[in-house]
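Text of the file run_37.cif, holding mmCIF, C-alpha atoms and all ligand atoms:
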data_target
loop_
_atom_site.label_atom_id
_atom_site.label_comp_id
_atom_site.auth_asym_id
_atom_site.auth_seq_id
_atom_site.Cartn_x
_atom_site.Cartn_y
_atom_site.Cartn_z
CA MET A 78 -70.90 -26.01 39.87
CA GLN A 79 -72.82 -22.88 40.74
CA LEU A 80 -74.06 -22.25 44.22
CA SER A 81 -77.48 -21.88 42.69
CA ASP A 82 -77.22 -25.58 41.71
CA ILE A 83 -77.08 -26.63 45.33
CA LYS A 84 -79.51 -29.46 45.88
CA LEU A 85 -82.42 -28.49 47.99
CA GLY A 86 -83.86 -30.56 50.81
CA GLN A 87 -86.41 -33.27 50.08
CA CYS A 88 -88.88 -31.67 52.36
CA SER A 89 -89.89 -28.51 50.55
CA SER A 90 -93.11 -29.86 49.13
CA THR A 91 -94.13 -31.77 52.26
CA ALA A 92 -93.25 -29.24 54.93
CA SER A 93 -96.08 -27.98 57.06
CA PRO A 94 -97.15 -24.36 56.57
CA ASP A 95 -94.31 -22.10 57.60
CA PRO A 96 -95.32 -19.40 60.07
CA ARG A 97 -92.37 -17.32 58.76
CA HIS A 98 -91.73 -15.74 62.10
CA PRO A 99 -88.48 -13.87 62.54
CA VAL A 100 -85.49 -15.92 63.60
CA GLN A 101 -83.27 -14.53 66.32
CA VAL A 102 -79.69 -15.09 65.14
CA ILE A 103 -77.23 -14.90 68.02
CA ALA A 104 -73.51 -14.76 67.25
CA VAL A 105 -71.47 -15.89 70.25
CA THR A 106 -68.10 -14.24 69.90
CA GLY A 107 -65.20 -12.73 71.81
CA GLY A 108 -61.83 -11.13 71.24
CA LYS A 109 -59.80 -13.90 72.79
CA GLY A 110 -59.74 -17.71 72.64
CA GLY A 111 -60.54 -19.81 75.69
CA THR A 112 -63.09 -17.39 77.14
CA GLY A 113 -65.86 -20.00 76.89
CA LYS A 114 -67.64 -19.16 73.61
CA THR A 115 -68.18 -22.75 72.51
CA ASN A 116 -69.38 -23.90 75.92
CA ILE A 117 -71.78 -20.98 76.11
CA ALA A 118 -73.05 -21.42 72.55
CA VAL A 119 -73.71 -25.15 73.08
CA ASN A 120 -75.36 -24.71 76.48
CA LEU A 121 -77.37 -21.66 75.45
CA ALA A 122 -78.66 -23.57 72.41
CA GLN A 123 -79.57 -26.59 74.56
CA ALA A 124 -81.20 -24.42 77.24
CA LEU A 125 -83.28 -22.62 74.58
CA ALA A 126 -84.31 -26.00 73.17
CA ASN A 127 -85.23 -27.22 76.66
CA GLU A 128 -87.54 -24.19 76.91
CA GLY A 129 -89.34 -25.44 73.80
CA GLN A 130 -87.63 -23.08 71.34
CA SER A 131 -86.62 -24.70 68.05
CA THR A 132 -82.92 -24.00 67.90
CA LEU A 133 -80.20 -24.53 65.33
CA LEU A 134 -76.58 -24.40 66.46
CA LEU A 135 -74.06 -23.54 63.74
CA ASP A 136 -70.40 -24.24 64.42
CA ALA A 137 -68.71 -21.40 62.56
CA ASP A 138 -65.23 -21.80 64.00
CA LEU A 139 -63.13 -23.10 61.14
CA GLY A 140 -59.87 -23.39 63.03
CA MET A 141 -61.08 -24.87 66.28
CA ALA A 142 -64.40 -26.44 65.39
CA ASN A 143 -65.30 -28.32 68.51
CA VAL A 144 -69.05 -28.23 68.92
CA ASP A 145 -69.07 -31.75 67.47
CA VAL A 146 -66.35 -32.91 69.86
CA MET A 147 -68.20 -31.38 72.77
CA LEU A 148 -71.42 -33.14 71.80
CA GLY A 149 -69.69 -36.39 70.86
CA LEU A 150 -70.89 -36.16 67.26
CA SER A 151 -69.13 -37.60 64.25
CA ALA A 152 -70.13 -35.74 61.12
CA THR A 153 -69.69 -37.42 57.76
CA HIS A 154 -70.60 -34.36 55.68
CA THR A 155 -69.89 -30.68 56.23
CA LEU A 156 -71.07 -27.35 54.86
CA SER A 157 -68.32 -27.66 52.29
CA ASP A 158 -70.21 -30.62 50.76
CA VAL A 159 -73.37 -28.49 50.62
CA LEU A 160 -71.54 -25.65 48.89
CA ASN A 161 -70.12 -28.18 46.40
CA GLY A 162 -73.56 -29.58 45.70
CA GLN A 163 -72.63 -33.01 47.11
CA CYS A 164 -75.49 -33.03 49.58
CA THR A 165 -78.30 -30.89 50.93
CA LEU A 166 -78.26 -28.78 54.04
CA GLU A 167 -80.79 -31.24 55.47
CA ASP A 168 -78.20 -34.00 55.01
CA ILE A 169 -75.66 -32.35 57.29
CA VAL A 170 -78.00 -31.15 60.01
CA ILE A 171 -77.80 -33.44 63.04
CA ASP A 172 -80.84 -33.78 65.28
CA ILE A 173 -79.78 -33.74 68.92
CA ASP A 174 -83.34 -33.87 70.18
CA ASP A 175 -86.82 -32.67 69.18
CA LYS A 176 -85.90 -29.02 69.44
CA LEU A 177 -82.13 -28.86 68.92
CA GLN A 178 -80.29 -29.31 65.65
CA VAL A 179 -76.61 -28.80 64.90
CA ILE A 180 -74.70 -27.90 61.76
CA PRO A 181 -71.22 -29.22 62.56
CA ALA A 182 -69.48 -26.90 60.19
CA ALA A 183 -65.72 -26.74 60.18
CA SER A 184 -64.83 -26.77 56.50
CA GLY A 185 -67.13 -24.70 54.35
CA ILE A 186 -67.44 -21.90 56.85
CA LYS A 187 -64.90 -19.65 55.22
CA GLU A 188 -66.44 -20.23 51.78
CA LEU A 189 -69.83 -19.40 53.28
CA ALA A 190 -68.59 -16.16 54.83
CA ASP A 191 -66.69 -15.20 51.66
CA MET A 192 -69.54 -16.02 49.33
CA LYS A 193 -70.74 -13.22 47.11
CA GLN A 194 -74.32 -12.16 46.74
CA GLN A 195 -74.93 -13.39 43.19
CA GLY A 196 -73.98 -16.95 44.03
CA CYS A 197 -76.09 -17.45 47.06
CA ALA A 198 -79.62 -18.02 45.80
CA GLY A 199 -79.39 -21.79 46.12
CA LEU A 200 -78.00 -21.64 49.60
CA VAL A 201 -80.60 -19.14 50.69
CA ARG A 202 -83.27 -21.54 49.42
CA ALA A 203 -81.51 -24.45 51.10
CA PHE A 204 -81.65 -22.62 54.43
CA SER A 205 -85.26 -21.58 53.98
CA ASP A 206 -86.25 -25.15 53.07
CA LEU A 207 -84.97 -26.60 56.32
CA LYS A 208 -87.60 -29.01 57.58
CA HIS A 209 -88.34 -27.35 60.91
CA PRO A 210 -88.98 -23.64 61.13
CA ILE A 211 -86.59 -22.43 63.79
CA ASP A 212 -86.87 -19.79 66.49
CA PHE A 213 -83.17 -19.34 67.25
CA LEU A 214 -79.96 -19.76 65.31
CA VAL A 215 -76.96 -19.77 67.66
CA VAL A 216 -73.63 -19.26 65.88
CA ASP A 217 -70.39 -20.26 67.62
CA THR A 218 -67.87 -17.99 65.90
CA ALA A 219 -64.11 -18.16 65.83
CA THR A 220 -62.10 -15.84 68.04
CA GLY A 221 -61.04 -12.34 67.10
CA ILE A 222 -61.31 -9.78 64.38
CA SER A 223 -61.05 -11.73 61.12
CA GLU A 224 -63.40 -10.85 58.28
CA CYS A 225 -65.06 -14.22 58.63
CA VAL A 226 -66.00 -13.54 62.27
CA ALA A 227 -67.12 -10.02 61.33
CA SER A 228 -69.36 -11.39 58.55
CA PHE A 229 -71.16 -13.71 60.93
CA CYS A 230 -71.58 -10.96 63.51
CA ARG A 231 -72.87 -8.56 60.88
CA ALA A 232 -75.41 -11.15 59.75
CA ALA A 233 -76.62 -11.82 63.29
CA THR A 234 -79.48 -10.02 64.98
CA GLU A 235 -77.74 -10.13 68.38
CA ILE A 236 -74.05 -10.35 69.30
CA LEU A 237 -73.00 -11.89 72.58
CA VAL A 238 -69.40 -10.99 73.41
CA VAL A 239 -67.99 -13.46 75.94
CA VAL A 240 -65.44 -11.81 78.20
CA CYS A 241 -63.41 -13.07 81.19
CA ASN A 242 -62.10 -10.84 83.95
CA GLU A 243 -58.51 -10.76 82.82
CA PRO A 244 -56.59 -7.99 81.04
CA ALA A 245 -56.03 -9.82 77.72
CA SER A 246 -59.70 -10.81 77.39
CA ILE A 247 -60.86 -7.27 78.20
CA ARG A 248 -58.34 -5.67 75.84
CA ASP A 249 -59.15 -8.02 72.95
CA SER A 250 -62.92 -7.67 73.38
CA VAL A 251 -62.64 -3.88 73.39
CA ALA A 252 -60.53 -4.13 70.22
CA GLN A 253 -63.07 -6.44 68.60
CA ILE A 254 -66.06 -4.22 69.46
CA SER A 255 -64.21 -1.08 68.32
CA LEU A 256 -63.21 -2.58 64.99
CA PHE A 257 -66.57 -4.21 64.28
CA SER A 258 -68.39 -0.96 64.97
CA SER A 259 -65.99 1.32 63.04
CA GLU A 260 -65.24 -0.96 60.07
CA TYR A 261 -68.36 -3.09 59.74
CA GLY A 262 -71.05 -0.75 60.99
CA ILE A 263 -72.16 -3.10 63.78
CA SER A 264 -73.76 -0.93 66.41
CA ARG A 265 -75.10 -3.20 69.19
CA PHE A 266 -73.23 -5.65 71.41
CA ARG A 267 -74.15 -7.55 74.55
CA ILE A 268 -71.44 -8.43 77.06
CA LEU A 269 -71.56 -11.79 78.83
CA ALA A 270 -69.09 -12.11 81.70
CA ASN A 271 -67.84 -15.68 82.01
CA LYS A 272 -65.79 -17.51 84.64
CA VAL A 273 -66.49 -14.89 87.31
CA GLU A 274 -67.06 -15.43 91.03
CA SER A 275 -69.98 -13.06 91.60
CA ALA A 276 -72.49 -10.62 90.12
CA ASN A 277 -70.37 -7.78 91.51
CA GLU A 278 -67.30 -8.98 89.68
CA ALA A 279 -69.32 -9.31 86.46
CA GLN A 280 -70.71 -5.79 86.76
CA GLY A 281 -67.24 -4.40 87.51
CA LEU A 282 -65.97 -6.14 84.39
CA PHE A 283 -68.78 -4.61 82.35
CA ARG A 284 -68.01 -1.11 83.70
CA THR A 285 -64.32 -1.57 82.86
CA ILE A 286 -65.22 -2.39 79.27
CA ILE A 287 -67.57 0.58 78.94
CA SER A 288 -64.89 2.90 80.38
CA ARG A 289 -62.53 1.99 77.54
CA PHE A 290 -64.80 3.71 75.02
CA ASN A 291 -64.99 7.39 74.31
CA ASP A 292 -68.49 8.62 75.22
CA ASN A 293 -68.98 10.17 71.78
CA HIS A 294 -68.00 7.11 69.80
CA ARG A 295 -69.37 4.31 71.87
CA PRO A 296 -71.52 1.67 70.18
CA GLN A 297 -74.54 0.46 72.12
CA ILE A 298 -73.12 -2.00 74.65
CA SER A 299 -75.35 -3.70 77.18
CA PHE A 300 -74.84 -6.22 79.97
CA ALA A 301 -76.21 -9.68 79.16
CA GLY A 302 -75.40 -11.25 82.52
CA TYR A 303 -72.75 -13.63 83.78
CA ILE A 304 -71.83 -17.29 84.09
CA PRO A 305 -69.91 -18.24 87.23
CA ILE A 306 -66.73 -20.23 87.14
CA ASP A 307 -67.79 -23.82 87.77
CA GLU A 308 -65.83 -27.06 87.59
CA HIS A 309 -68.94 -28.93 86.42
CA LEU A 310 -68.43 -27.37 83.01
CA GLY A 311 -65.12 -29.15 82.43
CA LYS A 312 -66.61 -32.34 83.87
CA ALA A 313 -69.49 -32.27 81.40
CA VAL A 314 -67.09 -31.59 78.50
CA ARG A 315 -64.97 -34.61 79.43
CA GLN A 316 -68.11 -36.74 79.37
CA HIS A 317 -69.18 -35.28 75.98
CA ARG A 318 -72.35 -34.09 77.66
CA VAL A 319 -74.04 -30.71 77.74
CA LEU A 320 -73.79 -29.08 81.16
CA VAL A 321 -77.40 -27.91 81.37
CA ASN A 322 -78.54 -31.52 80.94
CA ALA A 323 -75.69 -33.31 82.73
CA TYR A 324 -75.55 -31.11 85.86
CA PRO A 325 -78.75 -29.05 85.80
CA ARG A 326 -78.38 -27.93 89.43
CA SER A 327 -74.82 -26.65 89.08
CA ARG A 328 -74.28 -22.87 89.42
CA ALA A 329 -73.21 -22.48 85.79
CA ALA A 330 -76.17 -24.52 84.48
CA MET A 331 -78.61 -22.38 86.46
CA ALA A 332 -76.96 -19.21 85.12
CA LEU A 333 -77.15 -20.56 81.57
CA ARG A 334 -80.84 -21.34 82.01
CA HIS A 335 -81.42 -17.80 83.27
CA LEU A 336 -79.51 -16.48 80.28
CA ALA A 337 -81.73 -18.50 77.94
CA GLY A 338 -84.81 -17.07 79.68
CA ARG A 339 -83.57 -13.52 79.15
CA VAL A 340 -82.61 -14.27 75.55
CA ILE A 341 -86.17 -15.46 74.88
CA ASP A 342 -87.37 -12.09 76.22
CA TRP A 343 -85.04 -10.02 74.02
CA PRO A 344 -86.98 -7.91 71.50
CA GLN A 345 -87.91 -9.87 68.41
CA PRO A 346 -86.13 -8.82 65.26
CA GLU A 347 -88.33 -7.81 62.37
CA TYR A 348 -87.00 -7.97 58.86
CA ALA A 349 -88.11 -8.03 55.30
CA GLY A 350 -86.70 -11.50 54.52
CA GLY A 351 -89.01 -12.93 57.15
CA HIS A 352 -87.18 -16.16 57.89
CA ILE A 353 -83.83 -17.87 58.12
CA GLU A 354 -82.84 -17.03 54.54
CA PHE A 355 -82.41 -13.53 55.87
CA PHE A 356 -79.28 -14.72 57.66
CA VAL A 357 -77.61 -15.93 54.47
CA GLU A 358 -78.69 -12.82 52.58
CA ARG A 359 -77.03 -10.66 55.18
CA LEU A 360 -74.01 -12.92 55.32
CA VAL A 361 -73.35 -12.24 51.67
CA GLY A 362 -74.03 -8.53 52.01
CA ASN A 363 -77.41 -8.06 50.41
CA GLU A 364 -77.93 -4.42 51.27
CA ASN A 365 -81.64 -4.49 50.44
CA ILE A 366 -82.40 -6.26 53.65
CA GLU A 367 -83.16 -3.98 56.53
CA THR A 368 -83.46 -4.95 60.14
CA GLU A 369 -85.10 -3.15 62.91
CA VAL A 370 -85.85 -4.15 66.43
CA MET A 371 -89.42 -4.05 67.64
CA SER A 372 -89.64 -2.21 70.90
N1 LIG B 401 -67.92 -20.84 83.44
C1 LIG B 401 -66.87 -21.66 83.33
N2 LIG B 401 -66.36 -22.27 84.43
C2 LIG B 401 -65.30 -23.10 84.35
N3 LIG B 401 -64.66 -23.39 83.19
C3 LIG B 401 -65.12 -22.81 82.05
C4 LIG B 401 -66.24 -21.92 82.06
N4 LIG B 401 -66.46 -21.52 80.78
C5 LIG B 401 -65.53 -22.13 80.01
N5 LIG B 401 -64.71 -22.89 80.77
C6 LIG B 401 -63.56 -23.68 80.30
O1 LIG B 401 -62.72 -22.81 79.54
C7 LIG B 401 -62.11 -23.54 78.47
C8 LIG B 401 -62.38 -22.81 77.15
O2 LIG B 401 -63.75 -22.91 76.83
P1 LIG B 401 -64.27 -22.87 75.31
O3 LIG B 401 -65.75 -22.87 75.38
O4 LIG B 401 -63.62 -23.92 74.48
O5 LIG B 401 -63.72 -21.43 74.89
P2 LIG B 401 -63.62 -20.74 73.44
O6 LIG B 401 -64.65 -21.39 72.57
O7 LIG B 401 -63.90 -19.29 73.73
O8 LIG B 401 -62.22 -20.95 72.96
C9 LIG B 401 -62.67 -24.95 78.51
O9 LIG B 401 -61.74 -25.78 79.16
C10 LIG B 401 -63.94 -24.79 79.33
O10 LIG B 401 -64.30 -25.99 80.00
MG MG B 402 -64.49 -22.31 70.68
#
When written as structure tokens, how does the structure in this file appear?
Ligand SMILES: Nc1ncnc2c1ncn2[C@@H]1O[C@H](COP(=O)(O)OP(=O)(O)O)[C@@H](O)[C@H]1O
Ligand SMILES: [Mg+2]
Amino acid sequence: MQLSDIKLGQCSSTASPDPRHPVQVIAVTGGKGGTGKTNIAVNLAQALANEGQSTLLLDADLGMANVDVMLGLSATHTLSDVLNGQCTLEDIVIDIDDKLQVIPAASGIKELADMKQQGCAGLVRAFSDLKHPIDFLVVDTATGISECVASFCRAATEILVVVCNEPASIRDSVAQISLFSSEYGISRFRILANKVESANEAQGLFRTIISRFNDNHRPQISFAGYIPIDEHLGKAVRQHRVLVNAYPRSRAAMALRHLAGRVIDWPQPEYAGGHIEFFVERLVGNENIETEVMS
């Protein structure tokens, strides 16, 4: 079975005209586990959807896939089945509501990240034939510096590095940013401080990270904001609910809504591929695709 044999969705001939606007692909990552990546990816995706943005959430954490657990989903098919030609991408996408869809990945993610350019035409078409044109693709990556995580970050248009104010999280995030910029040519990162008590603490954390880089070799690192430590988050998780919907007035939910508002205002990416297939093309290292950010 060739990847180019992957069955395409049923919808390609019936889909409404595709505006082909650029998709903002946000990789939510971090050097260390337990910093809150999955919670932030899920809530950011939901908050974007609540703002009317068509959003697709891709669970790209092979080892600790838990977007589905968090949302109380039970997936019968995975990306692995798509790559094997057993079903279409449409078959595995779960509609959470009008604006939010989830690809509950787990198995198949490593194959996707390892896939080589020549084999990907079918998958690129499968992605581009998704029924709803999407505005945002939020990718919940695994932790750390593996090639798989790097591939997803390299394919993204924005990278959100989730950091907590503790030495191991700071050290591992600095290591991740350093390696991704030196080895993978990734030049822009946004730091999101999580589980902090105040804006001051978050800004101090950001300054600490910046100070770990040599001025001459520093990638572009900006501050994306912060999410306060909030017990409502754990409460929502235990109820298999999404915080921004379950406890919309909690401090963390309000911060996540603000984050979504800022994310919507980030500069739009502009790229030759024009749509979501761009993401897969970049994932497999198609060097012909250029991105630039509109100012
Ligand atoms: N802002 C926060 N306030 C309180 N607890 C949080 C916050 N963010 C994450 N957590 C908790 O931290 C733990 C790890 O979160 P998770 O999203 O699974 O991290 P990761 O995906 O980075 O491993 C979970 O128990 C989660 O409820
Ligand atoms: Mg996680």
Taking (-74.0, -8.9, 64.0) in the coordinates of the supplied file, I want to know which residues reach to within 9 Å of it, counting all atoms listed in the file; could you give the answer as a PyMOL selection string? chain A and resi 102-104+227-236+257+263-266
Just want the 12 Å neighbourhood of Ala323 in chain A, counted on only C-alpha atoms, with same-chain residues fewer than 6 positions away dropped. Output as a JSON list (two decimals) with C-alpha atoms, keeping the file's coordinate frame.
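Output file result.json is given in full below:
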[["chain", "number", "residue", "atom", "x", "y", "z"],
["A", 120, "ASN", "CA", -75.36, -24.71, 76.48],
["A", 123, "GLN", "CA", -79.57, -26.59, 74.56],
["A", 124, "ALA", "CA", -81.20, -24.42, 77.24],
["A", 148, "LEU", "CA", -71.42, -33.14, 71.80],
["A", 309, "HIS", "CA", -68.94, -28.93, 86.42],
["A", 310, "LEU", "CA", -68.43, -27.37, 83.01],
["A", 311, "GLY", "CA", -65.12, -29.15, 82.43],
["A", 312, "LYS", "CA", -66.61, -32.34, 83.87],
["A", 313, "ALA", "CA", -69.49, -32.27, 81.40],
["A", 314, "VAL", "CA", -67.09, -31.59, 78.50],
["A", 315, "ARG", "CA", -64.97, -34.61, 79.43],
["A", 316, "GLN", "CA", -68.11, -36.74, 79.37],
["A", 317, "HIS", "CA", -69.18, -35.28, 75.98],
["A", 329, "ALA", "CA", -73.21, -22.48, 85.79],
["A", 330, "ALA", "CA", -76.17, -24.52, 84.48],
["A", 331, "MET", "CA", -78.61, -22.38, 86.46]]
For a quick check of understanding, using only C-alpha atoms, which of A:Phe290, A:Tyr303, A:Phe356, A:Tyr261 has the smallest distance to Gln101 in chain A? A:Phe356
What separates atom O2 of ligand LIG 401 (chain B) and CA of Thr115 in chain A is a distance of 6.2 Å
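Residue nearest Ser259 in chain A within the list A:Val226, A:Ser246, A:Pro296, A:Ala126: A:Pro296 [criterion: smallest interatomic distance, only C-alpha atoms].
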Taking only C-alpha atoms and all ligand atoms into account, which residues have an atom no farther than 12 Å from ligand MG 402 (chain B)? I'd like them as a VMD selection string. chain A and resid 105 to 119 135 to 147 183 216 to 221 239
Please determine, counting only C-alpha atoms, which residue among A:Pro99, A:Pro210, A:Pro325, A:Pro346 has the shortest atom-to-atom distance to Leu177 in chain A.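 Distance minimum relative to Leu177 in chain A lands on A:Pro210.
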Using only C-alpha atoms, which residue out of A:Val319, A:Ile222, A:Val215, A:Leu333 lies closest to Asn271 in chain A?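 Checking each of A:Val319, A:Ile222, A:Val215, A:Leu333 against Asn271 in chain A, counting only C-alpha atoms, the winner is A:Leu333.
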Grab all the atoms of ligand LIG 401 (chain B) that the file lists, wrap them in a box along x, y and z, add 8 Å per side, and give me centre plus edge lengths in Å (one decimal) as AutoDock Vina command-line options.
--center_x -64.8 --center_y -22.6 --center_z 78.5 --size_x 22.2 --size_y 22.7 --size_z 27.9
Expressed in Å, the length from atom N1 of ligand LIG 401 (chain B) to CA of Ala270 in chain A is 9.0 Å
At what distance in Å, to one decimal, does CA of Glu308 in chain A lie from CA of Asp175 in chain A? 28.5 Å
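For the choices A:Leu134, A:Val321, A:Ala252, A:Ile304, the atom-to-atom distance to ligand LIG 401 (chain B) is smallest for A:Ile304 when using only C-alpha atoms and all ligand atoms.
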Go through A:Ile306, A:Val340, A:Ile254, A:Ile169 one by one, measure the shortest atom-to-atom distance of each to Ala276 in chain A using only C-alpha atoms, and give the residue with the smallest value.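 Among A:Ile306, A:Val340, A:Ile254, A:Ile169, it is A:Ile306 that comes nearest to Ala276 in chain A.
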